[in-house]
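Listing of entry.txt; format and content: compact mmCIF, C-alpha atoms.
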```
# COMPACT_ATOMS: atom_id res chain seq x y z
CA MET A 22 -27.59 -15.84 5.75
CA ASP A 23 -24.33 -17.55 4.73
CA PRO A 24 -22.25 -18.23 7.88
CA ARG A 25 -19.02 -17.98 5.90
CA PRO A 26 -17.46 -14.55 5.42
CA THR A 27 -17.70 -13.16 1.92
CA LEU A 28 -14.34 -12.99 0.16
CA LEU A 29 -13.71 -9.48 -1.14
CA VAL A 30 -10.72 -9.44 -3.49
CA ILE A 31 -9.24 -5.94 -3.62
CA ALA A 32 -7.40 -5.18 -6.85
CA HIS A 33 -5.62 -1.95 -7.71
CA GLY A 34 -7.34 -1.39 -11.04
CA SER A 35 -5.94 -0.16 -14.34
CA ARG A 36 -6.91 1.70 -17.49
CA ASP A 37 -5.69 -1.39 -19.34
CA PRO A 38 -8.75 -3.63 -19.90
CA ARG A 39 -6.56 -6.73 -19.63
CA HIS A 40 -6.12 -6.02 -15.92
CA ALA A 41 -9.78 -6.37 -14.91
CA ALA A 42 -10.26 -9.30 -17.29
CA THR A 43 -7.38 -11.15 -15.63
CA VAL A 44 -8.66 -10.42 -12.13
CA SER A 45 -12.10 -11.70 -13.16
CA ALA A 46 -10.60 -14.89 -14.56
CA LEU A 47 -8.64 -15.48 -11.35
CA CYS A 48 -11.73 -14.98 -9.19
CA ALA A 49 -13.70 -17.33 -11.43
CA ARG A 50 -11.09 -20.00 -10.75
CA VAL A 51 -11.40 -19.33 -7.00
CA ARG A 52 -15.17 -19.82 -7.21
CA ALA A 53 -14.70 -23.07 -9.10
CA LEU A 54 -12.36 -24.36 -6.38
CA ARG A 55 -14.74 -23.39 -3.57
CA PRO A 56 -18.34 -23.75 -4.81
CA GLY A 57 -20.78 -21.76 -2.75
CA LEU A 58 -18.25 -19.26 -1.45
CA ARG A 59 -19.30 -15.76 -2.33
CA VAL A 60 -16.41 -13.97 -4.05
CA GLU A 61 -16.65 -10.27 -4.90
CA VAL A 62 -14.10 -8.00 -6.57
CA GLY A 63 -13.56 -4.34 -5.72
CA TYR A 64 -11.02 -1.88 -7.11
CA LEU A 65 -9.05 0.96 -5.58
CA ASP A 66 -8.94 2.98 -8.80
CA PHE A 67 -9.85 3.07 -12.50
CA ASN A 68 -12.33 0.15 -12.49
CA ALA A 69 -15.77 -0.43 -11.00
CA PRO A 70 -17.01 -1.28 -8.53
CA ARG A 71 -14.78 0.72 -6.18
CA VAL A 72 -14.26 -0.88 -2.79
CA PRO A 73 -16.37 1.60 -0.74
CA ARG A 74 -19.33 1.29 -3.10
CA LEU A 75 -19.17 -2.51 -3.06
CA LEU A 76 -19.07 -2.57 0.75
CA GLU A 77 -22.08 -0.26 0.82
CA ARG A 78 -23.96 -2.73 -1.34
CA LEU A 79 -23.03 -5.62 0.95
CA SER A 80 -24.13 -3.62 3.97
CA ALA A 81 -27.47 -2.90 2.32
CA GLU A 82 -27.95 -6.63 1.85
CA ALA A 83 -27.19 -7.18 5.53
CA ALA A 84 -29.95 -4.69 6.32
CA GLY A 85 -32.40 -6.65 4.16
CA GLY A 86 -31.94 -4.67 0.96
CA PRO A 87 -32.87 -5.60 -2.61
CA ALA A 88 -30.79 -8.78 -2.66
CA GLY A 89 -32.67 -10.21 0.30
CA GLY A 90 -31.71 -13.74 1.22
CA ARG A 91 -28.00 -13.15 0.50
CA GLY A 92 -27.27 -11.08 3.57
CA VAL A 93 -23.65 -10.45 4.46
CA ARG A 94 -22.37 -9.75 7.95
CA GLU A 95 -18.68 -10.62 7.67
CA VAL A 96 -16.17 -9.81 4.96
CA VAL A 97 -12.60 -10.98 4.47
CA ALA A 98 -10.89 -8.28 2.41
CA LEU A 99 -7.96 -9.81 0.56
CA PRO A 100 -5.45 -7.46 -1.10
CA LEU A 101 -4.49 -8.79 -4.51
CA LEU A 102 -0.88 -7.87 -3.83
CA LEU A 103 2.33 -9.87 -3.80
CA THR A 104 4.21 -7.83 -1.17
CA ARG A 105 3.45 -5.65 1.83
CA ALA A 106 4.02 -2.10 0.67
CA PHE A 107 2.05 1.17 0.59
CA HIS A 108 -1.26 -0.24 -0.61
CA ALA A 109 -1.28 -3.09 1.92
CA LYS A 110 0.03 -1.03 4.84
CA SER A 111 -1.73 2.29 4.36
CA ASP A 112 -4.07 2.66 1.41
CA ILE A 113 -6.27 -0.41 1.80
CA PRO A 114 -6.50 -0.26 5.64
CA ALA A 115 -7.60 3.39 5.39
CA VAL A 116 -10.32 2.56 2.86
CA LEU A 117 -11.55 -0.35 4.98
CA ARG A 118 -11.51 1.60 8.25
CA GLU A 119 -13.50 4.44 6.68
CA ALA A 120 -16.05 1.98 5.32
CA ALA A 121 -16.31 0.09 8.61
CA GLY A 122 -16.99 3.33 10.44
CA ARG A 123 -19.93 4.07 8.15
CA LEU A 124 -21.25 0.52 7.88
CA PRO A 125 -21.70 -0.91 11.38
CA LEU A 126 -23.58 -3.96 10.12
CA LEU A 127 -20.40 -5.27 8.51
CA SER A 128 -17.44 -6.89 10.21
CA ILE A 129 -14.45 -6.42 7.89
CA ARG A 130 -11.17 -8.28 8.31
CA GLN A 131 -8.13 -7.61 6.12
CA ALA A 132 -6.27 -10.76 5.05
CA ALA A 133 -2.54 -10.97 4.47
CA VAL A 134 -0.99 -10.21 1.10
CA LEU A 135 -0.22 -13.16 -1.15
CA GLY A 136 3.55 -13.30 -0.85
CA PRO A 137 5.87 -14.77 -0.03
CA SER A 138 4.63 -18.32 -0.62
CA PRO A 139 5.85 -21.51 -2.28
CA LEU A 140 2.63 -21.37 -4.30
CA LEU A 141 3.89 -18.18 -5.95
CA THR A 142 7.14 -19.79 -7.06
CA ALA A 143 5.13 -22.78 -8.27
CA ALA A 144 3.02 -20.39 -10.35
CA LEU A 145 6.17 -18.74 -11.70
CA GLU A 146 7.51 -22.15 -12.71
CA ARG A 147 4.21 -22.96 -14.43
CA ARG A 148 4.45 -19.76 -16.49
CA LEU A 149 8.11 -20.39 -17.35
CA ALA A 150 7.22 -23.93 -18.41
CA GLN A 151 4.57 -22.50 -20.74
CA ALA A 152 7.37 -20.42 -22.27
CA GLY A 153 9.59 -23.49 -22.66
CA VAL A 154 11.84 -23.39 -19.57
CA ARG A 155 11.77 -25.74 -16.60
CA PRO A 156 13.97 -26.18 -13.54
CA GLY A 157 16.41 -29.01 -14.14
CA ASP A 158 16.68 -28.46 -17.89
CA PRO A 159 20.13 -29.50 -19.15
CA ARG A 160 20.85 -25.99 -20.43
CA PRO A 161 21.87 -23.71 -17.52
CA THR A 162 19.31 -20.97 -17.02
CA GLY A 163 19.41 -17.71 -15.12
CA VAL A 164 16.12 -16.06 -14.20
CA VAL A 165 15.28 -12.41 -13.77
CA LEU A 166 12.50 -12.14 -11.20
CA ALA A 167 10.90 -8.90 -12.38
CA SER A 168 8.43 -7.10 -10.12
CA ALA A 169 6.48 -3.87 -10.52
CA GLY A 170 8.69 -2.22 -7.90
CA SER A 171 8.16 -0.33 -4.65
CA SER A 172 9.96 2.30 -2.63
CA ASP A 173 9.15 0.31 0.53
CA PRO A 174 12.35 -1.42 1.72
CA GLU A 175 10.36 -4.35 3.13
CA ALA A 176 9.00 -5.16 -0.33
CA GLY A 177 12.48 -5.09 -1.87
CA ALA A 178 13.91 -7.29 0.88
CA VAL A 179 11.14 -9.86 0.46
CA LEU A 180 11.72 -10.01 -3.30
CA ALA A 181 15.47 -10.51 -2.77
CA GLU A 182 14.81 -13.32 -0.30
CA THR A 183 12.30 -14.90 -2.70
CA ALA A 184 14.95 -14.84 -5.43
CA ARG A 185 17.55 -16.48 -3.17
CA GLU A 186 15.17 -19.18 -1.98
CA TRP A 187 13.87 -19.90 -5.48
CA ARG A 188 17.39 -20.38 -6.77
CA ARG A 189 18.10 -22.81 -3.93
CA THR A 190 14.92 -24.88 -4.35
CA ALA A 191 14.64 -24.88 -8.16
CA GLY A 192 18.30 -25.16 -9.07
CA TRP A 193 18.49 -22.17 -11.43
CA CYS A 194 22.08 -21.09 -11.98
CA ALA A 195 21.06 -17.58 -10.86
CA VAL A 196 17.93 -15.65 -9.90
CA ARG A 197 18.16 -11.86 -9.92
CA PRO A 198 15.43 -9.49 -8.72
CA ALA A 199 14.57 -6.55 -10.95
CA PHE A 200 12.02 -3.74 -10.86
CA ALA A 201 9.89 -1.87 -13.37
CA SER A 202 9.76 1.24 -11.17
CA ALA A 203 10.94 2.82 -7.90
CA SER A 204 14.01 0.60 -7.41
CA LEU A 205 16.98 -0.73 -9.35
CA PRO A 206 18.06 -2.71 -11.28
CA ARG A 207 15.64 -2.55 -14.18
CA THR A 208 14.77 -5.72 -16.07
CA ALA A 209 17.08 -4.97 -19.00
CA ASP A 210 20.02 -4.29 -16.67
CA ALA A 211 19.51 -7.56 -14.79
CA VAL A 212 19.40 -9.48 -18.08
CA ARG A 213 22.65 -7.84 -19.20
CA GLU A 214 24.34 -8.60 -15.87
CA LEU A 215 23.54 -12.29 -16.21
CA ARG A 216 24.86 -12.27 -19.79
CA ALA A 217 28.06 -10.59 -18.62
CA GLU A 218 28.53 -13.36 -16.05
CA GLY A 219 28.35 -15.96 -18.80
CA VAL A 220 24.85 -17.31 -18.17
CA GLU A 221 23.93 -19.25 -21.29
CA ARG A 222 20.15 -18.80 -21.22
CA VAL A 223 18.29 -15.93 -19.53
CA ALA A 224 14.58 -16.05 -18.76
CA VAL A 225 12.45 -13.21 -17.42
CA ALA A 226 9.68 -14.22 -15.00
CA PRO A 227 7.26 -11.34 -14.33
CA TYR A 228 6.38 -11.30 -10.63
CA VAL A 229 3.11 -9.53 -11.34
CA ILE A 230 -0.48 -10.71 -11.33
CA ALA A 231 -2.13 -8.92 -14.24
CA PRO A 232 -1.13 -7.11 -17.42
CA GLY A 233 -0.80 -3.35 -17.45
CA PHE A 234 1.66 -0.47 -17.78
CA LEU A 235 4.42 -1.80 -15.50
CA PRO A 236 4.22 -5.40 -16.76
CA ASP A 237 4.52 -4.00 -20.28
CA ARG A 238 7.65 -2.17 -19.13
CA ILE A 239 9.06 -5.47 -17.85
CA ALA A 240 8.37 -7.10 -21.22
CA ALA A 241 9.98 -4.19 -23.08
CA GLY A 242 13.10 -4.46 -20.93
CA ALA A 243 13.33 -8.19 -21.58
CA ARG A 244 13.12 -7.62 -25.34
CA GLU A 245 15.54 -4.69 -25.26
CA ALA A 246 18.25 -6.73 -23.52
CA GLY A 247 17.68 -9.84 -25.64
CA ALA A 248 16.34 -12.23 -23.00
CA ASP A 249 15.86 -15.72 -24.41
CA VAL A 250 12.53 -16.31 -22.70
CA LEU A 251 9.74 -14.08 -21.40
CA ALA A 252 7.10 -15.82 -19.31
CA PRO A 253 3.48 -14.64 -19.07
CA VAL A 254 2.22 -12.84 -15.97
CA LEU A 255 0.93 -14.97 -13.10
CA GLY A 256 -2.70 -14.28 -13.95
CA ASP A 257 -5.19 -17.03 -13.19
CA ALA A 258 -2.65 -19.80 -12.63
CA PRO A 259 -4.21 -22.56 -10.48
CA GLU A 260 -1.63 -21.93 -7.77
CA MET A 261 -2.78 -18.33 -7.54
CA ALA A 262 -6.37 -19.38 -6.92
CA ARG A 263 -5.26 -21.84 -4.24
CA LEU A 264 -3.19 -19.12 -2.60
CA LEU A 265 -6.14 -16.71 -2.46
CA LEU A 266 -8.16 -19.39 -0.70
CA ARG A 267 -5.31 -20.10 1.71
CA ARG A 268 -5.15 -16.44 2.73
CA TYR A 269 -8.94 -16.34 3.03
CA ASP A 270 -8.97 -19.45 5.22
CA ASP A 271 -6.23 -18.04 7.46
CA ALA A 272 -8.18 -14.82 8.00
CA ALA A 273 -11.44 -16.70 8.59
CA ALA A 274 -9.69 -18.93 11.14
CA ASP A 275 -8.40 -15.85 12.97
CA ARG A 276 -11.99 -14.59 13.13
CA ALA A 277 -13.20 -17.95 14.47
CA ARG A 278 -10.52 -17.83 17.21
CA GLY A 279 -11.76 -14.44 18.26
CA ASP A 280 -8.77 -12.48 16.98
CA ARG A 281 -9.55 -8.78 17.54
CA THR A 282 -8.02 -7.42 14.34
CA ALA A 283 -11.34 -6.98 12.55
CA LEU A 284 -12.04 -3.48 11.26
CA SER A 285 -15.64 -3.33 12.39
CA ALA A 286 -16.71 -0.15 14.17
```
Would you mind giving the structure from this file in structure tokens?
Amino acid sequence: MDPRPTLLVIAHGSRDPRHAATVSALCARVRALRPGLRVEVGYLDFNAPRVPRLLERLSAEAAGGPAGGRGVREVVALPLLLTRAFHAKSDIPAVLREAAGRLPLLSIRQAAVLGPSPLLTAALERRLAQAGVRPGDPRPTGVVLASAGSSDPEAGAVLAETAREWRRTAGWCAVRPAFASASLPRTADAVRELRAEGVERVAVAPYVIAPGFLPDRIAAGAREAGADVLAPVLGDAPEMARLLLRRYDDAAADRARGDRTALSA
């Protein structure tokens, strides 16, 4: 039995097939960085396997089921989310608690969400560089940091602070948060505001992990307002894979210290 906890990456899921393909590519990069670590992916909606079913399968292995020899006793459940909002605070904990109550052979620990982190801004800069824009370019650039959006005030505050800090560390002439849903301003409005302030070049950096409906809305807003540059989503950027492992290691270290936040029954 592997003494290391299994890493369970929890993604939201989407009807858009690009979503699951991107999550799979990111997890493949995680496996390449940490050979031998078991990495599983479960979804909250739309895609399979759903998180409860996947945990049931892991529990069956722990009981000596059909995958004998790969028994799992401990799981680090890592939300594939950039901010702490409804899914991280309510939805995912409820799913994990329900599963832990039914599956006493498993010890399940929820890791922290991915953001904020300097690795995220490094991934954003990588994607902007792919689109032709780098911090320190002679031409002044303003960036719209465009997220999916949340009605949770904590998520909005974290995005605003990320924008302020990124402007300070990268030297952009401006960084403005924007949202595809739930909050304002929208991407197109933020682009227009920067234009009105005289910003010469405006780039839109999607603060989202995988393609889907809301990322497409961000892209449409960038095109509508005439942004000069639209970066790709974060996807399987190397920094993203390193960040997943950092959050996994932090949660595993908490478990080793005897932290009592595990969700086991």
Practice problem: Name the closest residue to Glu245 (chain A) among the candidates A:Ala209, A:Leu117, A:Ala46, A:Leu166; distances are taken between atoms, counting only C-alpha atoms. | Solution: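 Closest to Glu245 (chain A) of all the choices is A:Ala209.
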Name the residues in contact with region 102-115 of chain A at a cut-off of 6 Å, using all atoms listed in the file, excluding same-chain residues fewer than 3 positions from it; report them as a CSV table (one decimal) with C-alpha atoms, in the coordinates of the input.
```
chain,number,residue,atom,x,y,z
A,118,ARG,CA,-11.5,1.6,8.2
A,134,VAL,CA,-1.0,-10.2,1.1
A,135,LEU,CA,-0.2,-13.2,-1.2
A,136,GLY,CA,3.6,-13.3,-0.8
A,173,ASP,CA,9.2,0.3,0.5
A,176,ALA,CA,9.0,-5.2,-0.3
```
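Note that CA of Asp257 (chain A) and CA of Pro26 (chain A) are 22.4 Å apart.
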Quiz item: When distances are computed from only C-alpha atoms, which of A:Ala217, A:Pro198, A:Pro232, A:Tyr269 shows the smallest separation from Arg39 (chain A)?
Solution: A:Pro232
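Comparing the minimum interatomic distances between Cys48 (chain A) and each of A:Met261, A:Ala132, A:Ala277, A:Ala201, counting all atoms listed in the file, we find that A:Met261 sits nearest.
Residues surrounding Phe234 (chain A) within 12 Å are Gly34, Ser35, Arg36, Asp37, Pro38, Arg39, His40, Ala169, Ala201, Ser202, Val229, Ala231, Pro232, Pro236, Asp237, Arg238, Ile239, Ala240 and Ala241 of chain A [all atoms listed in the file; sequence separation below 2 positions excluded].
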Take the residues that were just selected and, keeping C-alpha atoms, output them as a short mmCIF file (atom, residue, chain, number, x, y, z; two decimals), in the coordinates of the input.
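Contents of the output file selection_31.cif:
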```
data_model
loop_
_atom_site.label_atom_id
_atom_site.label_comp_id
_atom_site.auth_asym_id
_atom_site.auth_seq_id
_atom_site.Cartn_x
_atom_site.Cartn_y
_atom_site.Cartn_z
CA GLY A 34 -7.34 -1.39 -11.04
CA SER A 35 -5.94 -0.16 -14.34
CA ARG A 36 -6.91 1.70 -17.49
CA ASP A 37 -5.69 -1.39 -19.34
CA PRO A 38 -8.75 -3.63 -19.90
CA ARG A 39 -6.56 -6.73 -19.63
CA HIS A 40 -6.12 -6.02 -15.92
CA ALA A 169 6.48 -3.87 -10.52
CA ALA A 201 9.89 -1.87 -13.37
CA SER A 202 9.76 1.24 -11.17
CA VAL A 229 3.11 -9.53 -11.34
CA ALA A 231 -2.13 -8.92 -14.24
CA PRO A 232 -1.13 -7.11 -17.42
CA PRO A 236 4.22 -5.40 -16.76
CA ASP A 237 4.52 -4.00 -20.28
CA ARG A 238 7.65 -2.17 -19.13
CA ILE A 239 9.06 -5.47 -17.85
CA ALA A 240 8.37 -7.10 -21.22
CA ALA A 241 9.98 -4.19 -23.08
#
```
Selection: 8 Å around Val62 (chain A), all atoms listed in the file, excl. self and same-chain fewer than 5 positions, as an mmCIF file with C-alpha atoms, in the coordinates of the input:
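The file below, result-v3.cif, is the result:
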```cif
data_model
loop_
_atom_site.group_PDB
_atom_site.id
_atom_site.type_symbol
_atom_site.label_atom_id
_atom_site.label_comp_id
_atom_site.auth_asym_id
_atom_site.auth_seq_id
_atom_site.Cartn_x
_atom_site.Cartn_y
_atom_site.Cartn_z
ATOM 1 C CA LEU A 29 -13.710 -9.480 -1.140
ATOM 2 C CA VAL A 30 -10.720 -9.440 -3.490
ATOM 3 C CA ILE A 31 -9.240 -5.940 -3.620
ATOM 4 C CA ALA A 32 -7.400 -5.180 -6.850
ATOM 5 C CA SER A 45 -12.100 -11.700 -13.160
ATOM 6 C CA CYS A 48 -11.730 -14.980 -9.190
ATOM 7 C CA PRO A 70 -17.010 -1.280 -8.530
#
```
Quiz prompt | Surrounding residues of region 137-153 of chain A excluding itself and chain neighbours under 4 positions, 10 Å, all atoms listed in the file, as number ranges by chain | solution = A: 103-105, 158, 164, 166, 179-180, 182-184, 186-187, 190-191, 224-229, 249-264
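Between CA of Thr162 (chain A) and CA of Ala203 (chain A) lies a distance of 26.8 Å.
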Practice problem: Tell me which of A:Pro174, A:Pro206, A:Pro100, A:Pro24 sits closest to Gly57 (chain A), counting all atoms listed in the file. | Solution: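 Among A:Pro174, A:Pro206, A:Pro100, A:Pro24, it is A:Pro24 that comes nearest to Gly57 (chain A).
When only C-alpha atoms are used to compute distances to Ser80 (chain A), the closest of the residues A:Leu47, A:Val96, A:Leu124, A:Leu215 turns out to be A:Leu124.
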Quiz prompt | Between CA of Asp275 (chain A) and CA of Ile230 (chain A) - distance in Å to one decimal | solution =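 So the answer is 26.1 Å.
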Quiz item: Pick from A:Val196, A:Leu28, A:Leu101, A:Leu126: nearest to Leu58 (chain A), with only C-alpha atoms counted?
Solution: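 Answer, going by the shortest atom-to-atom distance: A:Leu28.
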